[in-house]
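Peer 1: Pasting coords-v7.txt below, which is compact mmCIF, C-alpha atoms and all ligand atoms.
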```
# COMPACT_ATOMS: atom_id res chain seq x y z
CA MET T 1 -59.19 35.51 7.86
CA ASN T 2 -57.43 36.29 11.09
CA LYS T 3 -53.69 35.74 11.59
CA SER T 4 -53.94 32.38 13.41
CA LEU T 5 -56.13 30.89 10.66
CA LEU T 6 -53.64 32.05 8.04
CA PHE T 7 -50.79 30.32 9.97
CA ILE T 8 -52.68 27.00 10.21
CA ALA T 9 -53.41 27.12 6.49
CA ALA T 10 -49.76 27.74 5.63
CA ALA T 11 -48.57 24.92 7.90
CA SER T 12 -50.89 22.38 6.33
CA MET T 13 -49.65 23.38 2.82
CA CYS T 14 -46.14 22.46 3.96
CA ILE T 15 -47.24 19.00 5.03
CA VAL T 16 -48.77 18.39 1.59
CA PHE T 17 -45.78 19.89 -0.33
CA PRO T 18 -42.66 18.87 1.58
CA ALA T 19 -40.46 21.11 -0.58
CA CYS T 20 -41.51 23.86 1.79
CA HIS T 21 -39.20 22.30 4.40
CA SER T 22 -35.71 23.55 4.09
CA GLY T 23 -34.31 20.06 4.74
CA ALA T 24 -36.34 18.59 1.89
CA GLN T 25 -35.00 20.87 -0.83
CA LYS T 26 -34.30 18.78 -3.88
CA ASN T 27 -30.71 19.01 -5.04
CA ASP T 28 -30.72 18.82 -8.82
CA ALA T 29 -26.95 19.02 -9.12
CA ALA T 30 -25.26 15.85 -10.44
CA PRO T 31 -23.20 13.96 -7.86
CA SER T 32 -19.64 15.08 -7.84
CA GLU T 33 -17.24 12.87 -9.79
CA ASN T 34 -14.51 13.84 -7.44
CA THR T 35 -15.69 11.80 -4.55
CA ALA T 36 -12.95 9.21 -4.98
CA PRO T 37 -9.87 10.01 -2.94
CA ALA T 38 -7.13 11.60 -4.95
CA ALA T 39 -4.38 9.25 -5.99
CA GLU T 40 -1.40 9.42 -3.73
CA ALA T 41 1.30 11.50 -5.27
CA PRO T 42 4.50 9.66 -6.09
CA ALA T 43 7.61 10.52 -4.22
CA ALA T 44 8.94 12.66 -7.00
CA ALA T 45 12.43 13.94 -7.01
CA ALA T 46 13.12 16.96 -9.10
CA PRO T 47 14.00 16.77 -12.74
CA SER T 48 16.88 18.17 -14.61
CA GLU T 49 15.79 20.36 -17.49
CA SER T 50 19.03 20.08 -19.37
CA ALA T 51 22.19 18.14 -19.89
CA PRO T 52 23.64 17.02 -16.60
CA GLU T 53 26.75 19.14 -16.94
CA ALA T 54 24.70 22.26 -17.50
CA GLU T 55 22.28 22.34 -14.65
CA ALA T 56 21.71 20.52 -11.42
CA PRO T 57 18.38 18.80 -10.85
CA LYS T 58 16.07 21.12 -8.98
CA ALA T 59 15.14 20.39 -5.42
CA GLU T 60 11.69 22.01 -5.18
CA GLU T 61 9.83 18.77 -5.74
CA ALA T 62 12.35 16.72 -3.88
CA PRO T 63 10.84 14.01 -1.74
CA ALA T 64 11.25 13.84 1.96
CA ALA T 65 14.19 11.60 2.61
CA GLU T 66 12.02 9.15 4.52
CA ALA T 67 9.98 8.60 1.38
CA ALA T 68 12.96 6.75 -0.02
CA GLN T 69 12.41 4.03 2.52
CA ASN T 70 8.68 3.64 1.98
CA ALA T 71 7.65 0.70 -0.11
CA PRO T 72 5.03 2.08 -2.48
CA ASN T 73 2.89 -1.02 -2.68
CA ASP T 74 0.99 -2.57 0.15
CA GLU T 75 1.89 -6.09 -0.74
CA LYS T 76 5.37 -7.28 -0.01
CA ALA T 77 7.62 -8.34 -2.85
CA ALA T 78 7.59 -12.05 -3.56
CA VAL T 79 10.04 -14.32 -1.85
CA PRO T 80 12.72 -15.37 -4.36
CA SER T 81 11.61 -18.59 -5.97
CA ALA T 82 13.64 -21.43 -7.39
CA GLU T 83 11.49 -21.62 -10.54
CA THR T 84 11.51 -18.18 -12.04
CA GLU T 85 13.94 -17.23 -14.78
CA VAL T 86 13.11 -13.56 -14.42
CA LEU T 87 14.77 -11.02 -12.16
CA VAL T 88 13.84 -7.42 -11.46
CA ALA T 89 16.89 -5.55 -10.18
CA TYR T 90 16.56 -1.88 -9.37
CA PHE T 91 18.02 1.13 -7.62
CA SER T 92 15.81 3.81 -6.11
CA TYR T 93 16.54 6.85 -3.98
CA SER T 94 13.12 8.33 -3.38
CA GLY T 95 10.79 5.43 -4.16
CA ASN T 96 9.57 6.01 -7.72
CA THR T 97 11.65 3.32 -9.37
CA ARG T 98 10.92 0.97 -6.49
CA TYR T 99 7.22 1.43 -7.12
CA VAL T 100 7.59 0.51 -10.78
CA ALA T 101 9.96 -2.37 -9.97
CA GLU T 102 7.49 -3.89 -7.54
CA TYR T 103 4.69 -3.51 -10.06
CA ILE T 104 6.73 -5.32 -12.72
CA GLN T 105 7.75 -7.99 -10.22
CA LYS T 106 4.14 -8.75 -9.39
CA LYS T 107 3.12 -8.84 -13.04
CA THR T 108 5.94 -11.19 -14.03
CA ASN T 109 6.25 -13.30 -10.87
CA ALA T 110 9.92 -12.46 -10.92
CA ASP T 111 12.48 -12.39 -8.18
CA ILE T 112 13.34 -8.89 -7.07
CA PHE T 113 16.61 -7.39 -5.92
CA GLU T 114 17.28 -3.87 -4.70
CA ILE T 115 20.69 -2.42 -5.45
CA LYS T 116 21.70 -0.35 -2.44
CA ALA T 117 24.80 1.74 -1.93
CA LYS T 118 26.82 0.47 1.00
CA VAL T 119 26.94 4.02 2.31
CA PRO T 120 23.43 5.39 1.83
CA TYR T 121 23.08 8.60 -0.12
CA PRO T 122 22.50 11.74 1.93
CA ALA T 123 18.89 12.21 2.93
CA GLU T 124 19.29 15.88 2.09
CA TYR T 125 18.42 16.26 -1.60
CA ASP T 126 21.04 18.83 -2.62
CA ALA T 127 23.80 16.84 -0.96
CA CYS T 128 22.65 13.74 -2.82
CA VAL T 129 22.60 15.64 -6.10
CA ALA T 130 26.11 16.94 -5.51
CA GLN T 131 27.44 13.51 -4.59
CA ALA T 132 25.81 11.91 -7.62
CA LYS T 133 27.41 14.50 -9.89
CA GLN T 134 30.83 13.90 -8.41
CA GLU T 135 30.49 10.14 -8.81
CA LEU T 136 29.37 10.40 -12.42
CA GLU T 137 32.17 12.77 -13.35
CA GLY T 138 34.70 10.54 -11.61
CA ASN T 139 33.35 7.32 -13.20
CA ALA T 140 33.07 5.99 -9.68
CA PHE T 141 31.96 2.51 -8.69
CA PRO T 142 30.54 3.09 -5.20
CA GLU T 143 30.43 -0.04 -3.08
CA ILE T 144 27.06 -1.74 -2.92
CA GLU T 145 25.58 -3.41 0.12
CA SER T 146 25.23 -6.80 -1.58
CA THR T 147 24.74 -8.45 -4.93
CA THR T 148 22.83 -11.44 -6.26
CA ASP T 149 23.68 -14.43 -8.41
CA VAL T 150 22.11 -13.85 -11.80
CA GLY T 151 23.16 -17.20 -13.28
CA LYS T 152 19.72 -18.79 -13.39
CA TYR T 153 17.90 -15.84 -14.94
CA LYS T 154 17.19 -15.48 -18.64
CA THR T 155 15.46 -12.12 -18.45
CA ILE T 156 16.63 -9.27 -16.26
CA TYR T 157 14.57 -6.15 -15.79
CA ILE T 158 16.90 -3.44 -14.62
CA GLY T 159 15.44 -0.22 -13.23
CA PHE T 160 16.96 3.06 -12.14
CA PRO T 161 16.24 6.77 -11.90
CA ASN T 162 17.86 9.23 -14.27
CA TRP T 163 20.73 10.83 -12.35
CA TRP T 164 22.41 13.67 -14.15
CA GLY T 165 21.34 12.26 -17.49
CA SER T 166 22.91 8.88 -16.76
CA LEU T 167 22.59 5.93 -14.39
CA PRO T 168 23.21 6.17 -10.66
CA ARG T 169 26.70 4.80 -10.28
CA PRO T 170 25.78 1.97 -7.86
CA VAL T 171 23.90 0.41 -10.79
CA MET T 172 27.18 0.33 -12.69
CA THR T 173 28.85 -1.29 -9.69
CA PHE T 174 26.17 -3.97 -9.71
CA LEU T 175 26.42 -4.62 -13.44
CA LYS T 176 30.19 -4.54 -13.83
CA PRO T 177 31.09 -8.07 -12.69
CA LEU T 178 28.06 -9.79 -14.21
CA ASP T 179 28.14 -12.07 -17.22
CA LEU T 180 24.99 -11.11 -19.10
CA SER T 181 26.00 -12.55 -22.43
CA ASP T 182 23.08 -15.00 -22.45
CA LYS T 183 20.51 -12.65 -20.91
CA SER T 184 17.74 -10.52 -22.28
CA ILE T 185 17.94 -7.10 -20.61
CA ARG T 186 14.80 -5.03 -20.15
CA PRO T 187 15.73 -1.59 -18.81
CA PHE T 188 13.25 0.78 -17.21
CA LEU T 189 13.73 4.30 -16.01
CA THR T 190 11.99 6.96 -13.99
CA HIS T 191 12.96 10.55 -14.55
CA GLY T 192 12.16 14.23 -14.15
CA SER T 193 11.76 16.47 -17.15
CA GLY T 194 14.99 15.21 -18.72
CA GLY T 195 13.59 11.93 -20.00
CA VAL T 196 15.91 9.17 -21.14
CA GLN T 197 18.92 11.39 -21.92
CA GLN T 198 22.12 9.27 -21.97
CA THR T 199 20.82 6.52 -19.71
CA GLU T 200 20.03 3.92 -22.35
CA ALA T 201 23.21 4.57 -24.32
CA ASP T 202 25.36 4.46 -21.18
CA LEU T 203 23.76 1.19 -20.11
CA LYS T 204 24.34 -0.41 -23.50
CA ALA T 205 27.92 0.77 -23.53
CA ALA T 206 28.55 -0.72 -20.08
CA VAL T 207 26.88 -4.09 -20.55
CA LYS T 208 27.28 -6.90 -23.04
CA ALA T 209 24.01 -8.77 -23.22
CA ALA T 210 22.40 -11.20 -25.61
CA GLU T 211 19.55 -8.81 -26.17
CA PHE T 212 18.38 -5.34 -25.17
CA LYS T 213 14.69 -4.55 -25.22
CA PRO T 214 13.73 -0.87 -25.68
CA ILE T 215 13.89 1.09 -22.45
CA LEU T 216 10.64 1.91 -20.66
CA SER T 217 10.70 5.53 -19.58
CA ILE T 218 8.33 6.89 -16.93
CA ARG T 219 7.99 10.46 -15.72
CA ASP T 220 8.38 10.59 -11.94
CA LYS T 221 5.04 12.28 -11.29
CA ASP T 222 3.24 9.63 -13.34
CA VAL T 223 4.55 6.44 -11.75
CA LYS T 224 1.23 5.62 -10.11
CA SER T 225 -1.14 6.61 -12.87
CA GLU T 226 -3.43 4.17 -14.64
CA GLU T 227 -1.96 5.17 -18.00
CA THR T 228 1.49 4.24 -16.73
CA GLN T 229 0.27 0.87 -15.54
CA LYS T 230 -1.21 0.22 -18.97
CA ALA T 231 2.05 1.27 -20.61
CA ILE T 232 4.01 -1.06 -18.33
CA ASP T 233 1.63 -3.94 -19.06
CA ALA T 234 2.03 -3.41 -22.81
CA TRP T 235 5.80 -3.12 -22.50
CA ILE T 236 6.01 -6.36 -20.49
CA ALA T 237 3.86 -8.15 -23.06
CA ASP T 238 5.91 -6.87 -25.98
C1 LIG V 301 20.84 12.95 -7.83
C2 LIG V 301 19.67 13.16 -8.76
C3 LIG V 301 19.88 13.52 -10.06
C4 LIG V 301 18.80 13.64 -10.96
N1 LIG V 301 19.06 13.99 -12.25
C5 LIG V 301 18.04 14.03 -13.14
C6 LIG V 301 18.31 14.34 -14.50
O1 LIG V 301 19.42 14.61 -14.92
N2 LIG V 301 17.25 14.32 -15.37
C7 LIG V 301 15.97 14.02 -14.96
O2 LIG V 301 15.07 14.00 -15.79
N3 LIG V 301 15.71 13.76 -13.65
C8 LIG V 301 16.71 13.75 -12.73
N4 LIG V 301 16.45 13.47 -11.42
C9 LIG V 301 15.06 13.15 -11.03
C10 LIG V 301 14.86 11.65 -10.88
O3 LIG V 301 15.36 10.94 -12.01
C11 LIG V 301 13.39 11.26 -10.77
O4 LIG V 301 12.71 12.01 -9.83
C12 LIG V 301 13.24 9.78 -10.45
O5 LIG V 301 11.91 9.37 -10.64
C13 LIG V 301 13.64 9.44 -9.03
O6 LIG V 301 13.54 8.05 -8.88
P1 LIG V 301 13.62 7.35 -7.46
O7 LIG V 301 12.45 7.89 -6.65
O8 LIG V 301 13.47 5.90 -7.76
O9 LIG V 301 14.91 7.69 -6.83
C14 LIG V 301 17.50 13.40 -10.51
C15 LIG V 301 17.28 13.07 -9.17
C16 LIG V 301 18.35 12.96 -8.29
C17 LIG V 301 18.12 12.61 -6.86
```
As structure tokens, how would this structure be written, given the file I've shared?
Ligand SMILES: Cc1cc2nc3c(=O)[nH]c(=O)nc-3n(C[C@H](O)[C@H](O)[C@H](O)COP(=O)(O)O)c2cc1C
Peer 2:
Amino acid sequence: MNKSLLFIAAASMCIVFPACHSGAQKNDAAPSENTAPAAEAPAAAAPSESAPEAEAPKAEEAPAAEAAQNAPNDEKAAVPSAETEVLVAYFSYSGNTRYVAEYIQKKTNADIFEIKAKVPYPAEYDACVAQAKQELEGNAFPEIESTTDVGKYKTIYIGFPNWWGSLPRPVMTFLKPLDLSDKSIRPFLTHGSGGVQQTEADLKAAVKAAEFKPILSIRDKDVKSEETQKAIDAWIAD
């Protein structure tokens, strides 16, 4: 058989068995499970590994300051309604607690109120950390931008980040004048590696309420996870 006959024979084999074509190679590998886009990382501020007096929270994972202003959920928080007896009040510097607060608000159809310092905390993380330490040590009550009338609410979810093992002082400013003696308080917290530390105890010492539900504690890097959402759902239902 001369060369041209051999070529024609080979070409016709490829028509019959398409696997000869490079573009028709069968890929036996299973489809990747990682095709879904990765979940957006939470704006995580750095944790404190130890007691607040001992070591400052680390800045490596500190969020960009702008992240503090970004609402984590697409939907806007509900307009305060005349009917609800539930309020979600929260403070957030870098967005984690806001994310959880808005999730709880949607699940409970509550009103929502953000506690904001009148003078915003420094965008620069280390400066914020230093200021927070000074305020805690000085038992300060930094002015807040505004407050809200809690009279009509029976249940108040109160959320904050762990700051130096305790609550950010603007939360104390918010709570101080309130009469919560007929309210059920449901505290929730986001934190670095320190966990709850003194936050729950400090809150209970500062506030006289009819009832305290156990604090819900969420690690900053986990605020958006499915497991966290399930844990929040169960905690709300409890
Ligand atoms: C001023 C400051 C102090 C902090 N101190 C602690 C701490 O003592 N223990 C801890 O576990 N995390 C600490 N963190 C980390 C935050 O609690 C955590 O990242 C939280 O989720 C931030 O919430 P936010 O995004 O709502 O502000 C601190 C963060 C800041 C900015």
Peer 1: Write out as a list in words which residues come within 12 Å of Lys230 (chain T) when counting only C-alpha atoms, dropping same-chain ones fewer than 5 positions away.
Peer 2: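 Here the qualifying residues turn out to be Tyr103, Ile104, Lys107, Ile218, Asp222, Val223, Lys224, Ser225, Trp235, Ile236 and Ala237 of chain T.
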Peer 1: When you draw a straight line from CA of Lys106 (chain T) to atom C14 of ligand LIG 301 (chain V), how long is it in Å?
Peer 2: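 Pair CA of Lys106 (chain T) / atom C14 of ligand LIG 301 (chain V) returns 25.9 Å.
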Peer 1: Quote the spacing between CA of Pro161 (chain T) and CA of Asp182 (chain T) in Å to one decimal place.
Peer 2: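 Computing the Euclidean distance for CA of Pro161 (chain T) and CA of Asp182 (chain T) yields 25.1 Å.
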Peer 1: Just how far from CA of Gln198 (chain T) is CA of Lys154 (chain T), in Å to one decimal?
Peer 2: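 So the two atoms, CA of Lys154 (chain T) and CA of Gln198 (chain T), lie 25.5 Å apart.
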Peer 1: Taking every listed atom of ligand LIG 301 (chain V) and adding 5 Å to each side, what centre and edge lengths in Å (one decimal) does the axis-aligned box have, as JSON?
Peer 2:
```
{"center_x": 16.4, "center_y": 10.3, "center_z": -11.2, "size_x": 18.9, "size_y": 18.7, "size_z": 19.1}
```
Peer 1: Quick one: of T:Gln105, T:Phe91, T:Ile115, T:Val86, who's nearest to Ile185 (chain T), counting all atoms listed in the file?
Peer 2: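 Of T:Gln105, T:Phe91, T:Ile115, T:Val86, the one nearest Ile185 (chain T), counting all atoms listed in the file, is T:Val86.
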Peer 1: Determine the nearest neighbour of ligand LIG 301 (chain V) from the options T:Thr173, T:Asn162, T:Gln131, T:Thr199, counting only C-alpha atoms and all ligand atoms.
Peer 2: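 Smallest distance to ligand LIG 301 (chain V) is found for T:Asn162.
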Peer 1: Please tell me which residues are no farther than 8 Å from (29.0, -9.9, -19.1) in the file, counting only C-alpha atoms, and write them as JSON, numbers by chain.
Peer 2: {"T": [176, 177, 178, 179, 180, 181, 207, 208, 209]}
Peer 1: Output C-alpha atoms for every residue in the selection just made, as a short mmCIF file (atom, residue, chain, number, x, y, z; two decimals), keeping the file's coordinate frame.
Peer 2:
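Ended up saving to out.cif:
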```
data_model
loop_
_atom_site.label_atom_id
_atom_site.label_comp_id
_atom_site.auth_asym_id
_atom_site.auth_seq_id
_atom_site.Cartn_x
_atom_site.Cartn_y
_atom_site.Cartn_z
CA LYS T 176 30.19 -4.54 -13.83
CA PRO T 177 31.09 -8.07 -12.69
CA LEU T 178 28.06 -9.79 -14.21
CA ASP T 179 28.14 -12.07 -17.22
CA LEU T 180 24.99 -11.11 -19.10
CA SER T 181 26.00 -12.55 -22.43
CA VAL T 207 26.88 -4.09 -20.55
CA LYS T 208 27.28 -6.90 -23.04
CA ALA T 209 24.01 -8.77 -23.22
#
```
